[in-house]
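Colleague: Submitted below is the structure of interest, expressed as structure tokens.
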Amino acid sequence: MKVKTLFMIALFSIFLLSIAFAQEEAPKEPKYGWQKEMIGGLNLTQTSFDNWAQGGENSFAWQINLNFKFINDQEKFNWANTGKFNYGSTKTGDQEAKKSIDEIKLETVYTYKLAKFLNPFVAATGESQFAPGYNYGTEPKTQISAIFDPAYFRESIGLGYKPNDLVQTRLGGAVKQTITSDYPAPYADDPETEEIEKFKNEFGVESVTDISLKISENSLLTSKLELFSAFEAFDKTDVNWDNLISTKISKYFNITFNFKLFYDKDISAKRQIKQSIALGVSYTFI
């Protein structure tokens, strides 16, 4: 099955979910004003061996994350600001420590409430990383990225649809910038030209769908599907699908499962998948 077919199925499934939730959810009185939330977490894994007959290697892994959400919801507009900061490292045996996760993502969306469900919006998104990245398949290792290199930005304008508090989606025209300094290929450079480009600007169409579903009293599913198609290559759709299930087992401890699918043909001809399960400490600051 082709990748684009899978994406269409995912979008159609989300659309059906939005209809179902819209029918099931009872109307609520609106609560206007600022909604603030900031949650941080720390996950640790450690294993050591001393004269262990069955064998094994010492290992240590850690991951820290911070997520925030500041939303100003008023009668005539909604201004949503969200951010995600994740970084982690793993060390096995005598090998050097290697990063296991590295993500910076900021998003702001301003929506004007023109109709009950369908409303115009403007949005901006920025993504990058904290630390250098390496290809460990070469000898010696090869650096393929750096701090804030590359960085991605998107600005969009269009119409948003929010049938309830569980599902919201938006569609509109967008501009995407890819900025790099020391690593133009494969992020920004066009291999068909002799010049080495460190900046790429693309005009196209963007679709973003968010789902926040409370599975049980202590479990929450959040899913974000982002699609971008440039006008110059409309058959090459960039995909970023991030899914997180978080289960609270006590006041400060939780289990998280993350599944992320990423596809950008300019970077790799194949889809990329990242999956992780973590048990750690979680604390709500606001």
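Ligands are numbered from 1 in the order shown, chains are lettered A, B, ... in the order of the structure tokens, and residues start at 1 in each chain.
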Give me, as a JSON list (two decimals) with C-alpha atoms, in the first residue's frame, all polymer residues having an atom no more than 7 Å from segment 89-101 of chain A, counting only C-alpha atoms and skipping those fewer than 6 positions away in the same chain.

Modeller:
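For reference, part.json as written:
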[["chain", "number", "residue", "atom", "x", "y", "z"],
["A", 57, "GLU", "CA", 26.52, -4.71, 29.34],
["A", 58, "ASN", "CA", 26.17, -1.81, 31.72],
["A", 59, "SER", "CA", 23.75, 0.81, 30.45],
["A", 60, "PHE", "CA", 22.29, 4.10, 31.51],
["A", 61, "ALA", "CA", 19.58, 6.12, 29.76],
["A", 62, "TRP", "CA", 17.80, 9.32, 30.66],
["A", 63, "GLN", "CA", 15.20, 11.56, 29.07]]

Colleague: Report as a list of chain:residue names: the residues of segment 80-214 of chain A with a DSSP assignment of helix (DSSP H, G or I), based on the backbone of this structure.

Modeller: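 Output for segment 80-214 of chain A, helix (DSSP H, G or I) only: A:Pro184, A:Ala185, A:Pro186, A:Tyr187.
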
Colleague: Can you measure atom CA of Lys198 of chain A to atom CA of Thr180 of chain A for me? One decimal in Å is fine.

Modeller: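 Going from atom CA of Lys198 of chain A over to atom CA of Thr180 of chain A, I get 5.2 Å.
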
Colleague: To test your reading of the structure, identify every residue in segment 25-83 of chain A that backbone DSSP assigns to strand (DSSP E or B), and report it as a ChimeraX atom specification.

Modeller: /A:33-47,59-73,77-83

Colleague: Write out as JSON, numbers by chain which residues come within 6 Å of Thr111 of chain A when counting only C-alpha atoms, dropping same-chain ones fewer than 3 positions away.

Modeller: {"A": [77, 78, 120, 121]}

Colleague: Go ahead and save the residues from that selection, with C-alpha atoms, as a short mmCIF file (atom, residue, chain, number, x, y, z; two decimals), in the first residue's frame.

Modeller:
data_model
loop_
_atom_site.label_atom_id
_atom_site.label_comp_id
_atom_site.auth_asym_id
_atom_site.auth_seq_id
_atom_site.Cartn_x
_atom_site.Cartn_y
_atom_site.Cartn_z
CA PHE A 77 -11.18 34.63 19.23
CA ASN A 78 -8.89 31.85 20.42
CA PRO A 120 -10.42 31.63 9.81
CA PHE A 121 -6.97 31.28 11.38
#

Colleague: Restricting the calculation to only C-alpha atoms: of A:Lys141, A:Arg154, A:Lys105, A:Arg271, which residue gets closest to Ala124 of chain A?

Modeller: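 Under the stated criterion, the closest residue is A:Arg154.
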